[in-house]
>>> print(open('data_33.txt').read())   # compact mmCIF, C-alpha atoms
# COMPACT_ATOMS: atom_id res chain seq x y z
CA MET A 1 -35.23 -0.94 0.08
CA ASN A 2 -36.47 0.86 -3.04
CA LEU A 3 -34.72 4.16 -3.64
CA SER A 4 -36.65 6.92 -5.40
CA ARG A 5 -35.03 9.22 -7.96
CA ARG A 6 -35.49 12.85 -8.80
CA GLY A 7 -34.30 12.17 -12.31
CA VAL A 8 -31.33 13.38 -14.20
CA LEU A 9 -29.57 16.40 -12.70
CA ALA A 10 -28.85 19.01 -15.29
CA ALA A 11 -25.96 20.58 -13.41
CA GLY A 12 -22.72 20.48 -15.37
CA GLY A 13 -22.72 16.93 -16.67
CA ALA A 14 -24.26 15.26 -13.62
CA LEU A 15 -25.89 11.99 -14.60
CA GLY A 16 -28.23 11.63 -11.66
CA ALA A 17 -28.65 11.40 -7.92
CA LEU A 18 -30.35 9.10 -5.47
CA ALA A 19 -32.90 11.42 -3.90
CA ALA A 20 -33.09 12.42 -0.24
CA THR A 21 -36.24 11.51 1.65
CA GLY A 22 -38.10 13.54 4.26
CA SER A 23 -37.70 13.21 7.99
CA ALA A 24 -39.12 14.40 11.29
CA PRO A 25 -38.14 17.85 12.66
CA ALA A 26 -34.65 18.19 14.04
CA ALA A 27 -34.15 17.50 17.74
CA ALA A 28 -31.63 19.00 20.13
CA SER A 29 -29.23 16.07 20.38
CA ALA A 30 -28.51 12.59 19.09
CA ALA A 31 -30.19 11.09 22.15
CA SER A 32 -33.36 13.10 21.64
CA VAL A 33 -33.40 12.11 17.96
CA ARG A 34 -33.66 8.49 19.06
CA ASP A 35 -36.17 9.31 21.81
CA ARG A 36 -38.50 11.06 19.38
CA GLY A 37 -38.34 8.21 16.91
CA ARG A 38 -36.57 10.10 14.17
CA PRO A 39 -34.52 7.69 12.03
CA ARG A 40 -30.78 8.06 11.82
CA VAL A 41 -29.49 9.97 8.83
CA ARG A 42 -28.40 7.57 6.11
CA THR A 43 -25.25 8.67 4.32
CA GLY A 44 -24.62 8.38 0.61
CA PHE A 45 -22.64 5.19 1.24
CA ASP A 46 -25.48 3.72 3.33
CA ARG A 47 -27.86 4.24 0.43
CA LEU A 48 -25.41 2.98 -2.17
CA ALA A 49 -24.93 -0.24 -0.20
CA ALA A 50 -28.67 -0.63 0.46
CA ASP A 51 -29.23 -0.42 -3.29
CA GLY A 52 -26.85 -3.35 -3.82
CA TYR A 53 -24.08 -1.10 -5.22
CA ARG A 54 -26.07 -0.82 -8.44
CA LEU A 55 -24.15 2.29 -9.55
CA LEU A 56 -20.90 0.30 -9.39
CA ARG A 57 -21.94 -2.84 -11.27
CA GLY A 58 -19.44 -3.81 -13.91
CA ARG A 59 -17.07 -1.04 -12.84
CA THR A 60 -13.47 -1.04 -11.67
CA VAL A 61 -13.58 1.22 -8.63
CA GLY A 62 -11.15 3.40 -6.69
CA ILE A 63 -12.10 5.57 -3.74
CA VAL A 64 -10.86 8.87 -2.33
CA THR A 65 -11.45 8.64 1.41
CA ASN A 66 -9.94 8.89 4.87
CA PRO A 67 -10.85 7.69 8.41
CA THR A 68 -14.23 9.46 8.22
CA GLY A 69 -15.47 7.03 5.56
CA VAL A 70 -17.30 4.82 8.04
CA THR A 71 -20.65 3.08 8.42
CA ALA A 72 -23.00 3.68 11.35
CA ASP A 73 -21.26 0.86 13.24
CA VAL A 74 -17.89 2.52 12.53
CA ARG A 75 -16.60 -0.03 10.04
CA HIS A 76 -14.52 1.60 7.35
CA ILE A 77 -16.28 1.52 4.00
CA VAL A 78 -13.09 0.37 2.24
CA ASP A 79 -13.06 -2.71 4.46
CA VAL A 80 -16.79 -3.25 3.84
CA MET A 81 -16.55 -2.97 0.06
CA HIS A 82 -13.34 -5.00 -0.12
CA GLU A 83 -15.19 -7.92 1.47
CA ASP A 84 -18.23 -7.60 -0.81
CA ALA A 85 -18.10 -9.54 -4.08
CA ARG A 86 -20.53 -7.08 -5.67
CA VAL A 87 -17.85 -4.34 -5.69
CA ASN A 88 -14.64 -4.51 -7.71
CA LEU A 89 -12.65 -2.14 -5.48
CA THR A 90 -9.04 -2.05 -6.70
CA ALA A 91 -7.50 1.21 -5.41
CA VAL A 92 -7.62 3.80 -2.63
CA PHE A 93 -6.60 7.46 -2.98
CA GLY A 94 -5.43 9.26 0.17
CA PRO A 95 -5.86 13.04 0.72
CA GLU A 96 -4.06 15.37 3.15
CA HIS A 97 -3.47 13.52 6.45
CA GLY A 98 -3.66 10.23 4.54
CA PHE A 99 -6.14 7.41 3.99
CA ARG A 100 -5.72 6.04 7.53
CA GLY A 101 -5.17 9.54 8.97
CA THR A 102 -1.65 9.23 10.34
CA ALA A 103 -0.23 12.54 9.04
CA GLN A 104 -0.47 15.99 10.62
CA ALA A 105 -1.53 19.16 8.78
CA GLY A 106 0.43 19.67 5.59
CA GLY A 107 1.37 15.99 5.33
CA SER A 108 0.24 12.73 3.74
CA GLU A 109 1.07 9.03 3.85
CA GLY A 110 2.61 8.57 0.40
CA ARG A 111 2.21 5.49 -1.80
CA TYR A 112 1.87 2.11 -0.01
CA ASP A 113 -0.19 -1.07 0.12
CA ASP A 114 -2.86 -1.04 2.81
CA PRO A 115 -2.02 -3.77 5.38
CA ALA A 116 -5.68 -4.52 6.13
CA THR A 117 -6.87 -5.08 2.55
CA GLY A 118 -3.74 -5.29 0.42
CA LEU A 119 -5.14 -2.53 -1.80
CA PRO A 120 -2.72 -0.05 -3.33
CA VAL A 121 -3.03 3.39 -1.74
CA TYR A 122 -2.10 6.33 -3.96
CA ASP A 123 -1.26 9.78 -2.59
CA THR A 124 -3.37 12.66 -3.98
CA TYR A 125 -2.15 15.40 -1.65
CA LEU A 126 -1.02 18.50 -3.58
CA LYS A 127 -1.61 16.70 -6.88
CA SER A 128 -3.97 18.23 -9.41
CA GLY A 129 -4.59 18.50 -13.14
CA ARG A 130 -2.64 16.15 -15.37
CA ASP A 131 -0.48 14.86 -12.49
CA LEU A 132 -3.55 13.61 -10.64
CA ALA A 133 -5.15 12.38 -13.87
CA ASP A 134 -2.05 10.26 -14.42
CA VAL A 135 -2.50 8.74 -10.94
CA PHE A 136 -6.07 7.76 -11.81
CA THR A 137 -4.91 6.32 -15.13
CA ALA A 138 -2.08 4.34 -13.53
CA SER A 139 -4.50 2.87 -10.97
CA GLY A 140 -6.56 1.21 -13.72
CA VAL A 141 -9.93 2.30 -12.34
CA ASP A 142 -12.78 3.58 -14.46
CA THR A 143 -14.89 4.95 -11.57
CA VAL A 144 -13.66 7.14 -8.72
CA LEU A 145 -15.73 7.34 -5.54
CA PHE A 146 -15.38 10.25 -3.13
CA ASP A 147 -16.45 9.90 0.51
CA ILE A 148 -14.92 12.26 3.09
CA GLN A 149 -16.52 14.16 5.96
CA ASP A 150 -16.18 17.92 5.43
CA ALA A 151 -16.06 20.63 8.12
CA GLY A 152 -18.03 23.31 6.28
CA ALA A 153 -15.25 25.87 5.69
CA ARG A 154 -13.69 26.99 2.41
CA PHE A 155 -10.16 26.49 3.73
CA TYR A 156 -10.73 22.90 4.87
CA THR A 157 -8.85 21.20 2.07
CA TYR A 158 -10.95 18.10 1.41
CA ILE A 159 -13.41 20.02 -0.75
CA TRP A 160 -10.49 21.10 -2.95
CA THR A 161 -9.31 17.50 -3.11
CA LEU A 162 -12.81 16.87 -4.46
CA TYR A 163 -12.46 19.71 -6.96
CA ASP A 164 -9.05 18.50 -8.09
CA CYS A 165 -10.34 14.93 -8.41
CA MET A 166 -13.25 16.11 -10.54
CA GLU A 167 -10.96 18.02 -12.86
CA ALA A 168 -8.47 15.14 -13.06
CA ALA A 169 -11.18 12.51 -13.58
CA ALA A 170 -12.49 14.52 -16.52
CA LEU A 171 -8.98 14.70 -18.00
CA ALA A 172 -8.49 10.95 -17.51
CA GLY A 173 -11.93 10.03 -18.86
CA LYS A 174 -13.10 8.58 -15.53
CA ARG A 175 -16.54 8.64 -13.94
CA LEU A 176 -16.80 10.23 -10.48
CA VAL A 177 -19.41 9.34 -7.84
CA VAL A 178 -19.75 11.50 -4.71
CA LEU A 179 -21.21 9.82 -1.61
CA ASP A 180 -22.73 12.54 0.53
CA ARG A 181 -22.29 13.23 4.25
CA PRO A 182 -23.69 16.02 6.45
CA ASN A 183 -22.29 19.48 6.72
CA PRO A 184 -21.62 19.26 10.47
CA VAL A 185 -22.47 22.90 11.15
CA THR A 186 -25.77 22.83 9.18
CA GLY A 187 -26.45 23.86 5.62
CA ARG A 188 -28.64 26.82 6.48
CA ALA A 189 -26.53 29.74 5.37
CA ALA A 190 -23.40 30.78 3.56
CA LEU A 191 -21.28 33.21 5.56
CA GLY A 192 -18.18 35.34 5.13
CA PRO A 193 -16.19 36.73 2.22
CA VAL A 194 -16.20 35.08 -1.19
CA LEU A 195 -12.78 34.16 -2.56
CA ASN A 196 -11.22 36.52 -5.07
CA PRO A 197 -9.67 34.16 -7.67
CA ALA A 198 -6.42 36.14 -7.52
CA PHE A 199 -5.90 34.51 -4.10
CA ALA A 200 -6.58 30.93 -5.18
CA THR A 201 -4.55 28.26 -3.32
CA PHE A 202 -5.21 24.79 -1.95
CA VAL A 203 -7.08 26.45 0.96
CA GLY A 204 -9.42 27.99 -1.60
CA ARG A 205 -9.37 27.08 -5.28
CA ARG A 206 -12.50 28.91 -6.45
CA GLU A 207 -15.06 31.60 -5.65
CA ILE A 208 -17.15 30.29 -2.75
CA ALA A 209 -17.95 31.78 0.64
CA GLN A 210 -15.74 31.20 3.68
CA ALA A 211 -18.49 29.11 5.31
CA HIS A 212 -20.23 27.62 2.28
CA GLY A 213 -23.28 26.01 3.92
CA MET A 214 -23.31 23.07 1.49
CA THR A 215 -22.67 19.34 1.54
CA VAL A 216 -19.89 17.79 -0.53
CA ALA A 217 -22.41 16.46 -3.07
CA GLU A 218 -23.95 19.89 -3.46
CA LEU A 219 -20.50 21.39 -3.86
CA ALA A 220 -19.69 18.79 -6.53
CA LEU A 221 -22.76 19.81 -8.52
CA PHE A 222 -21.84 23.49 -8.05
CA PHE A 223 -18.21 22.94 -9.11
CA ASN A 224 -19.18 20.96 -12.20
CA ALA A 225 -21.68 23.51 -13.45
CA GLU A 226 -20.01 26.77 -12.42
CA PHE A 227 -16.28 26.10 -12.70
CA LEU A 228 -15.74 22.95 -14.80
CA HIS A 229 -18.50 23.49 -17.35
CA GLU A 230 -16.10 23.61 -20.28
CA ASP A 231 -14.85 20.10 -19.47
CA PRO A 232 -17.25 18.63 -16.88
CA VAL A 233 -16.65 15.29 -15.27
CA ARG A 234 -19.16 12.45 -15.67
CA LEU A 235 -20.64 13.05 -12.24
CA GLU A 236 -23.17 11.21 -10.12
CA VAL A 237 -24.02 12.04 -6.53
CA VAL A 238 -25.66 9.78 -3.98
CA THR A 239 -27.53 11.99 -1.55
CA MET A 240 -28.38 11.26 2.08
CA SER A 241 -31.80 10.48 3.44
CA GLY A 242 -33.12 12.00 6.65
CA TRP A 243 -30.78 15.01 6.72
CA ARG A 244 -32.24 18.50 7.04
CA ARG A 245 -30.39 21.74 6.37
CA SER A 246 -30.97 22.82 9.96
CA ASP A 247 -29.27 19.73 11.43
CA PHE A 248 -26.11 20.04 13.46
CA PHE A 249 -23.99 16.92 13.50
CA ASP A 250 -25.21 15.65 16.87
CA GLU A 251 -28.73 15.59 15.46
CA THR A 252 -27.86 13.05 12.75
CA GLY A 253 -27.32 9.95 14.92
CA LEU A 254 -24.06 9.36 13.02
CA PRO A 255 -20.69 8.68 14.68
CA TRP A 256 -18.16 11.51 14.58
CA VAL A 257 -14.71 10.52 13.37
CA PRO A 258 -12.16 13.36 13.45
CA PRO A 259 -11.58 14.26 9.78
CA SER A 260 -8.13 15.60 10.67
CA PRO A 261 -5.97 15.59 13.82
CA ASN A 262 -7.01 19.11 14.84
CA MET A 263 -10.75 18.64 14.20
CA PRO A 264 -11.48 16.39 17.21
CA THR A 265 -15.17 17.21 17.75
CA PRO A 266 -18.18 18.70 15.97
CA GLU A 267 -17.79 21.66 18.34
CA THR A 268 -14.40 22.33 16.75
CA ALA A 269 -16.07 22.49 13.34
CA LEU A 270 -18.64 24.93 14.72
CA VAL A 271 -16.00 27.61 15.37
CA TYR A 272 -13.44 26.62 12.74
CA SER A 273 -14.66 28.75 9.83
CA GLY A 274 -13.96 31.85 11.94
CA THR A 275 -11.13 31.07 14.32
CA CYS A 276 -8.97 29.34 11.71
CA LEU A 277 -8.20 32.89 10.61
CA PHE A 278 -5.71 32.98 13.47
CA GLU A 279 -3.49 30.73 11.37
CA GLY A 280 -2.77 33.97 9.52
CA THR A 281 -1.46 35.70 12.65
CA ASN A 282 1.34 35.24 15.18
CA LEU A 283 -1.16 33.99 17.79
CA SER A 284 -1.73 30.33 18.49
CA GLU A 285 -4.94 28.92 17.03
CA GLY A 286 -4.89 26.22 19.71
CA ARG A 287 -3.01 23.54 17.82
CA GLY A 288 -1.22 21.37 20.33
CA THR A 289 -4.07 21.65 22.85
CA THR A 290 -7.16 19.55 23.47
CA ARG A 291 -9.36 22.43 22.18
CA PRO A 292 -7.86 23.53 18.86
CA PHE A 293 -9.56 26.59 17.32
CA GLU A 294 -11.45 27.15 20.58
CA LEU A 295 -8.33 28.26 22.48
CA LEU A 296 -6.45 31.23 21.04
CA GLY A 297 -3.53 33.13 22.50
CA ALA A 298 0.07 34.26 22.66
CA GLU A 299 2.77 35.25 25.14
CA GLY A 300 1.90 38.61 26.64
CA VAL A 301 -1.87 38.41 26.06
CA ASP A 302 -3.90 38.98 29.23
CA ARG A 303 -7.47 39.41 30.48
CA HIS A 304 -8.05 42.55 28.42
CA TRP A 305 -8.63 40.55 25.21
CA ALA A 306 -11.50 38.49 26.65
CA ALA A 307 -13.03 41.64 28.11
CA ALA A 308 -12.87 43.46 24.78
CA ALA A 309 -14.28 40.48 22.87
CA ASN A 310 -17.19 40.13 25.31
CA ALA A 311 -17.90 43.86 24.99
CA LEU A 312 -18.74 43.27 21.31
CA ARG A 313 -21.81 41.28 22.43
CA LEU A 314 -21.51 38.92 19.48
CA PRO A 315 -24.56 36.66 19.18
CA GLY A 316 -24.50 33.23 20.82
CA VAL A 317 -20.93 33.31 22.14
CA ALA A 318 -18.90 34.31 25.19
CA PHE A 319 -15.15 34.44 25.79
CA ARG A 320 -13.25 33.23 28.83
CA GLU A 321 -9.81 34.47 29.83
CA ALA A 322 -7.63 31.39 29.34
CA TYR A 323 -4.02 30.22 29.75
CA PHE A 324 -2.55 27.17 28.03
CA ALA A 325 0.71 25.59 26.88
CA PRO A 326 0.64 24.07 23.36
CA THR A 327 2.46 20.75 23.03
CA PHE A 328 3.34 21.51 19.39
CA SER A 329 2.97 24.24 16.77
CA LYS A 330 3.14 27.91 17.82
CA PHE A 331 4.50 28.55 21.34
CA GLN A 332 5.28 24.88 21.86
CA GLY A 333 5.92 24.21 25.55
CA LYS A 334 5.31 27.84 26.55
CA THR A 335 2.44 29.13 28.68
CA VAL A 336 0.42 31.70 26.76
CA GLY A 337 -2.59 33.86 27.57
CA GLY A 338 -5.69 34.34 25.50
CA VAL A 339 -9.33 33.33 25.24
CA GLN A 340 -11.46 30.25 25.04
CA VAL A 341 -14.44 30.54 22.72
CA HIS A 342 -17.65 29.26 24.35
CA VAL A 343 -20.60 28.88 21.97
CA GLN A 344 -23.71 29.33 24.11
CA ASP A 345 -26.42 29.42 21.43
CA ARG A 346 -25.38 27.74 18.21
CA GLU A 347 -28.62 28.71 16.48
CA VAL A 348 -27.60 32.37 16.34
CA PHE A 349 -23.81 32.00 16.51
CA ASP A 350 -21.96 33.41 13.48
CA PRO A 351 -18.46 31.91 13.36
CA VAL A 352 -17.08 34.24 10.70
CA ARG A 353 -18.26 37.45 12.38
CA THR A 354 -16.86 36.03 15.61
CA GLY A 355 -13.48 35.38 14.00
CA ILE A 356 -13.36 38.94 12.69
CA GLY A 357 -14.35 40.34 16.09
CA LEU A 358 -11.57 38.39 17.74
CA LEU A 359 -9.00 39.65 15.21
CA VAL A 360 -10.13 43.25 15.71
CA THR A 361 -9.97 43.04 19.50
CA ALA A 362 -6.70 41.09 19.57
CA LYS A 363 -5.02 43.81 17.53
CA ARG A 364 -6.46 46.55 19.75
CA THR A 365 -5.57 44.95 23.10
CA TRP A 366 -2.19 43.30 22.43
CA SER A 367 0.69 45.39 21.18
CA GLY A 368 2.50 42.31 19.87
CA PHE A 369 -0.21 41.41 17.34
CA ALA A 370 1.11 40.74 13.82
CA TRP A 371 0.00 39.05 10.63
CA ARG A 372 2.07 36.18 9.31
CA PRO A 373 4.82 37.66 7.12
CA ASP A 374 3.54 35.79 4.05
CA ASN A 375 0.09 37.43 4.44
CA TRP A 376 -1.49 34.00 4.81
CA ILE A 377 -4.55 35.78 6.15
CA ASP A 378 -5.25 36.96 2.58
CA LYS A 379 -5.31 33.34 1.37
CA LEU A 380 -7.67 32.34 4.20
CA THR A 381 -10.10 35.23 3.69
CA GLY A 382 -9.65 35.20 -0.09
CA ASN A 383 -8.87 38.91 -0.34
CA THR A 384 -6.79 41.75 1.11
CA ARG A 385 -9.74 43.67 2.52
CA VAL A 386 -9.96 41.95 5.89
CA ARG A 387 -6.29 42.56 6.67
CA THR A 388 -6.13 46.10 5.34
CA MET A 389 -9.39 47.19 6.96
CA ILE A 390 -8.37 45.84 10.37
CA ASP A 391 -4.97 47.51 10.01
CA ALA A 392 -6.76 50.78 9.22
CA GLY A 393 -8.80 50.53 12.43
CA ALA A 394 -12.13 49.31 11.02
CA ASP A 395 -14.52 47.74 13.50
CA THR A 396 -16.18 44.33 13.19
CA ASP A 397 -19.37 45.62 11.56
CA ALA A 398 -17.46 47.54 8.90
CA VAL A 399 -15.31 44.55 7.95
CA VAL A 400 -18.35 42.26 7.75
CA ALA A 401 -20.28 44.82 5.69
CA ALA A 402 -17.51 44.92 3.08
CA TRP A 403 -18.25 41.44 1.75
CA GLN A 404 -22.05 41.48 1.77
CA ALA A 405 -22.58 42.21 -1.93
CA ASP A 406 -20.34 39.33 -3.00
CA LEU A 407 -21.95 37.03 -0.44
CA THR A 408 -25.46 37.89 -1.63
CA ALA A 409 -24.50 36.97 -5.20
CA PHE A 410 -22.94 33.70 -4.06
CA ARG A 411 -26.02 32.79 -2.01
CA ALA A 412 -28.25 33.28 -5.06
CA LYS A 413 -26.02 31.09 -7.22
CA ARG A 414 -25.69 28.45 -4.48
CA ARG A 415 -29.46 27.92 -4.23
CA ARG A 416 -29.57 26.15 -7.62
CA TYR A 417 -27.54 23.23 -6.27
CA LEU A 418 -29.11 22.61 -2.86
CA ARG A 419 -30.65 19.17 -2.55
CA TYR A 420 -32.11 19.12 0.98
CA GLY A 421 -34.91 20.97 2.77
CA GLY A 422 -35.50 21.78 6.40
>>> encode(input="data_33.txt", output="structure tokens")
Amino acid sequence: MNLSRRGVLAAGGALGALAATGSAPAAASAASVRDRGRPRVRTGFDRLAADGYRLLRGRTVGIVTNPTGVTADVRHIVDVMHEDARVNLTAVFGPEHGFRGTAQAGGSEGRYDDPATGLPVYDTYLKSGRDLADVFTASGVDTVLFDIQDAGARFYTYIWTLYDCMEAAALAGKRLVVLDRPNPVTGRAALGPVLNPAFATFVGRREIAQAHGMTVAELALFFNAEFLHEDPVRLEVVTMSGWRRSDFFDETGLPWVPPSPNMPTPETALVYSGTCLFEGTNLSEGRGTTRPFELLGAEGVDRHWAAAANALRLPGVAFREAYFAPTFSKFQGKTVGGVQVHVQDREVFDPVRTGIGLLVTAKRTWSGFAWRPDNWIDKLTGNTRVRTMIDAGADTDAVVAAWQADLTAFRAKRRRYLRYGG
């Protein structure tokens, strides 16, 4: 297969990208994609391998990845490259949840040798700057690959692992290659508030929208040019072929591997950028259930919340009165009341507006509503406005209106780094 190029990318030190090719219009499901003859989306790794790993020739390679780094036949790419004499793969770097994905939220697997390949696995979780640069140096690699499935939300930490790896690779004098994968909730629009840098944490390092509407390769180009321009990493991105910005994950023909224990399905990702805001409250966000981020609730919540949420007539979504008993996390082993979020038309569904509407109605219908004492909600939204406006009695439209100017500016900046049409 001959891969075309769009030439050298001028964004913040990027050396180049394998270009995406066109494809047929998006279908409604993976099955209909096959029925209509549309080819499966080919990930950045697929295209790298099809090109004989040319970008890695003569390089000593390490990779930042997790269980989502798989081929179409669900073989892990570390196993594939380890067996291929054309790749000198010598190290693996594990993010939050770990390389093989055994750790829950806020955990990692530490330093160990991978039993399947014998490769050393280094822990990157919560490492950044010089500390992470020292890990790359100690590994002996000269090229760092990045291949992790994202969920499309600013507070999903893998994109900040990418950011930290870019910054550290620049400090250590390493080359970084990003292998692209789809944004599972499409790349059509950026939504929600833009982070105020005063609230920067590992759930939001820099000023991007809450639902960024970009792929990891596009984000890498954006980060390098906008935030790391004073010391950019030597960056290359390998784009996908066949992916369109309007594609939901089930339209790609790719297998879904949960990128973290509480992201079991693409449907979870669809609501996550809005309902994850309940991590900043005393309500359960559904951890410890089979529908995390779709089930929300607390002791004492009753049918009035679902009724109030439905009365908002939010586009593309309905809310069912629900009762559940989480097996871990908030309200472990207790039966709580709340809502289940049912997305009925994903084309018009706005997850961030929905999350705000649910916060507003939860506070109005349940007297026990409270923010987490550490004001974690401010870290998730990237500002104090959401919390303070809801506390002051603002409705959903008013809260959403408050971030529109910042979002418009981000959308304009974001356009320079988009690499796919459709």
>>> atom_distance(input="data_33.txt", atom1="atom CA of Asp131 of chain A", atom2="atom CA of Gly173 of chain A")
14.0 Å
>>> closest_residue(input="data_33.txt", among="A:Pro266, A:Ser260, A:Val360, A:Phe293", to="Ala309 of chain A", atoms="only C-alpha atoms")
A:Val360
>>> residues_around(input="data_33.txt", residues="Asn310 of chain A", least_positions_apart="4", cutoff="10 Å", atoms="all atoms listed in the file", output="PyMOL selection string")
chain A and resi 304-306+314+317-320+357-358+361
>>> closest_residue(input="data_33.txt", among="A:Leu359, A:Val194, A:Ile208, A:Val178", to="Ala220 of chain A", atoms="all atoms listed in the file")
A:Val178
>>> residues_around(input="data_33.txt", residues="Glu347 of chain A", least_positions_apart="2", cutoff="12 Å", atoms="all atoms listed in the file", output="JSON, numbers by chain")
{"A": [28, 185, 186, 188, 189, 246, 247, 248, 270, 315, 316, 317, 343, 344, 345, 349, 350, 351]}
>>> residues_around(input="data_33.txt", residues="Arg40 of chain A", least_positions_apart="2", cutoff="7 Å", atoms="all atoms listed in the file", output="PyMOL selection string")
chain A and resi 38+42+242+252-254
>>> residues_near_point(input="data_33.txt", point="(-3.4, 26.4, -3.2)", cutoff="12 Å", atoms="all atoms listed in the file", output="PDB file with C-alpha atoms, keeping the file's coordinate frame")
ATOM      1  CA  GLY A 106       0.430  19.670   5.590  1.00  0.00           C
ATOM      2  CA  TYR A 125      -2.150  15.400  -1.650  1.00  0.00           C
ATOM      3  CA  LEU A 126      -1.020  18.500  -3.580  1.00  0.00           C
ATOM      4  CA  LYS A 127      -1.610  16.700  -6.880  1.00  0.00           C
ATOM      5  CA  SER A 128      -3.970  18.230  -9.410  1.00  0.00           C
ATOM      6  CA  ARG A 154     -13.690  26.990   2.410  1.00  0.00           C
ATOM      7  CA  PHE A 155     -10.160  26.490   3.730  1.00  0.00           C
ATOM      8  CA  TYR A 156     -10.730  22.900   4.870  1.00  0.00           C
ATOM      9  CA  THR A 157      -8.850  21.200   2.070  1.00  0.00           C
ATOM     10  CA  TRP A 160     -10.490  21.100  -2.950  1.00  0.00           C
ATOM     11  CA  THR A 161      -9.310  17.500  -3.110  1.00  0.00           C
ATOM     12  CA  TYR A 163     -12.460  19.710  -6.960  1.00  0.00           C
ATOM     13  CA  ASP A 164      -9.050  18.500  -8.090  1.00  0.00           C
ATOM     14  CA  PRO A 197      -9.670  34.160  -7.670  1.00  0.00           C
ATOM     15  CA  ALA A 198      -6.420  36.140  -7.520  1.00  0.00           C
ATOM     16  CA  PHE A 199      -5.900  34.510  -4.100  1.00  0.00           C
ATOM     17  CA  ALA A 200      -6.580  30.930  -5.180  1.00  0.00           C
ATOM     18  CA  THR A 201      -4.550  28.260  -3.320  1.00  0.00           C
ATOM     19  CA  PHE A 202      -5.210  24.790  -1.950  1.00  0.00           C
ATOM     20  CA  VAL A 203      -7.080  26.450   0.960  1.00  0.00           C
ATOM     21  CA  GLY A 204      -9.420  27.990  -1.600  1.00  0.00           C
ATOM     22  CA  ARG A 205      -9.370  27.080  -5.280  1.00  0.00           C
ATOM     23  CA  ARG A 206     -12.500  28.910  -6.450  1.00  0.00           C
ATOM     24  CA  TRP A 376      -1.490  34.000   4.810  1.00  0.00           C
ATOM     25  CA  LYS A 379      -5.310  33.340   1.370  1.00  0.00           C
ATOM     26  CA  LEU A 380      -7.670  32.340   4.200  1.00  0.00           C
ATOM     27  CA  GLY A 382      -9.650  35.200  -0.090  1.00  0.00           C
TER      28      GLY A 382
END
>>> closest_residue(input="data_33.txt", among="A:Gly110, A:Gly280, A:Gly421, A:Pro292", to="Ile377 of chain A", atoms="only C-alpha atoms")
A:Gly280
>>> atom_distance(input="data_33.txt", atom1="atom CA of Met389 of chain A", atom2="atom CA of Val301 of chain A")
22.3 Å
>>> closest_residue(input="data_33.txt", among="A:Gly338, A:Arg244, A:Ala405, A:Pro255", to="Gly422 of chain A", atoms="only C-alpha atoms")
A:Arg244
>>> closest_residue(input="data_33.txt", among="A:Tyr158, A:Tyr272, A:Trp243, A:Phe249", to="Leu219 of chain A", atoms="all atoms listed in the file")
A:Tyr158
>>> axis_aligned_box(input="data_33.txt", around="segment 295-307 of chain A", padding_each_side="6 Å", output="lines of an AutoDock Vina configuration file")
center_x = -5.1
center_y = 35.4
center_z = 25.8
size_x = 27.8
size_y = 26.3
size_z = 21.4
>>> residues_around(input="data_33.txt", residues="Met214 of chain A", least_positions_apart="5", cutoff="10 Å", atoms="only C-alpha atoms", output="MDAnalysis selection string")
chainID A and resid 150 152:153 182:190 219:220 222 245 414:415 417:420
>>> atom_distance(input="data_33.txt", atom1="atom CA of Thr268 of chain A", atom2="atom CA of Val78 of chain A")
26.4 Å
>>> residues_near_point(input="data_33.txt", point="(-6.5, 18.1, 18.0)", cutoff="6 Å", atoms="all atoms listed in the file", output="list in words")
Pro261, Asn262, Met263, Pro264, Thr290 and Pro292 of chain A
>>> residues_around(input="data_33.txt", residues="Phe146 of chain A", least_positions_apart="6", cutoff="10 Å", atoms="only C-alpha atoms", output="PDB file with C-alpha atoms, keeping the file's coordinate frame")
ATOM      1  CA  PHE A  45     -22.640   5.190   1.240  1.00  0.00           C
ATOM      2  CA  GLY A  62     -11.150   3.400  -6.690  1.00  0.00           C
ATOM      3  CA  ILE A  63     -12.100   5.570  -3.740  1.00  0.00           C
ATOM      4  CA  VAL A  64     -10.860   8.870  -2.330  1.00  0.00           C
ATOM      5  CA  THR A  65     -11.450   8.640   1.410  1.00  0.00           C
ATOM      6  CA  ASN A  66      -9.940   8.890   4.870  1.00  0.00           C
ATOM      7  CA  GLY A  69     -15.470   7.030   5.560  1.00  0.00           C
ATOM      8  CA  PHE A  93      -6.600   7.460  -2.980  1.00  0.00           C
ATOM      9  CA  THR A 161      -9.310  17.500  -3.110  1.00  0.00           C
ATOM     10  CA  LEU A 162     -12.810  16.870  -4.460  1.00  0.00           C
ATOM     11  CA  CYS A 165     -10.340  14.930  -8.410  1.00  0.00           C
ATOM     12  CA  MET A 166     -13.250  16.110 -10.540  1.00  0.00           C
ATOM     13  CA  LEU A 176     -16.800  10.230 -10.480  1.00  0.00           C
ATOM     14  CA  VAL A 177     -19.410   9.340  -7.840  1.00  0.00           C
ATOM     15  CA  VAL A 178     -19.750  11.500  -4.710  1.00  0.00           C
ATOM     16  CA  LEU A 179     -21.210   9.820  -1.610  1.00  0.00           C
ATOM     17  CA  ASP A 180     -22.730  12.540   0.530  1.00  0.00           C
ATOM     18  CA  VAL A 216     -19.890  17.790  -0.530  1.00  0.00           C
ATOM     19  CA  ALA A 217     -22.410  16.460  -3.070  1.00  0.00           C
ATOM     20  CA  VAL A 237     -24.020  12.040  -6.530  1.00  0.00           C
TER      21      VAL A 237
END
>>> closest_residue(input="data_33.txt", among="A:Gly297, A:Pro39, A:Pro193, A:Gly94", to="Trp403 of chain A", atoms="all atoms listed in the file")
A:Pro193
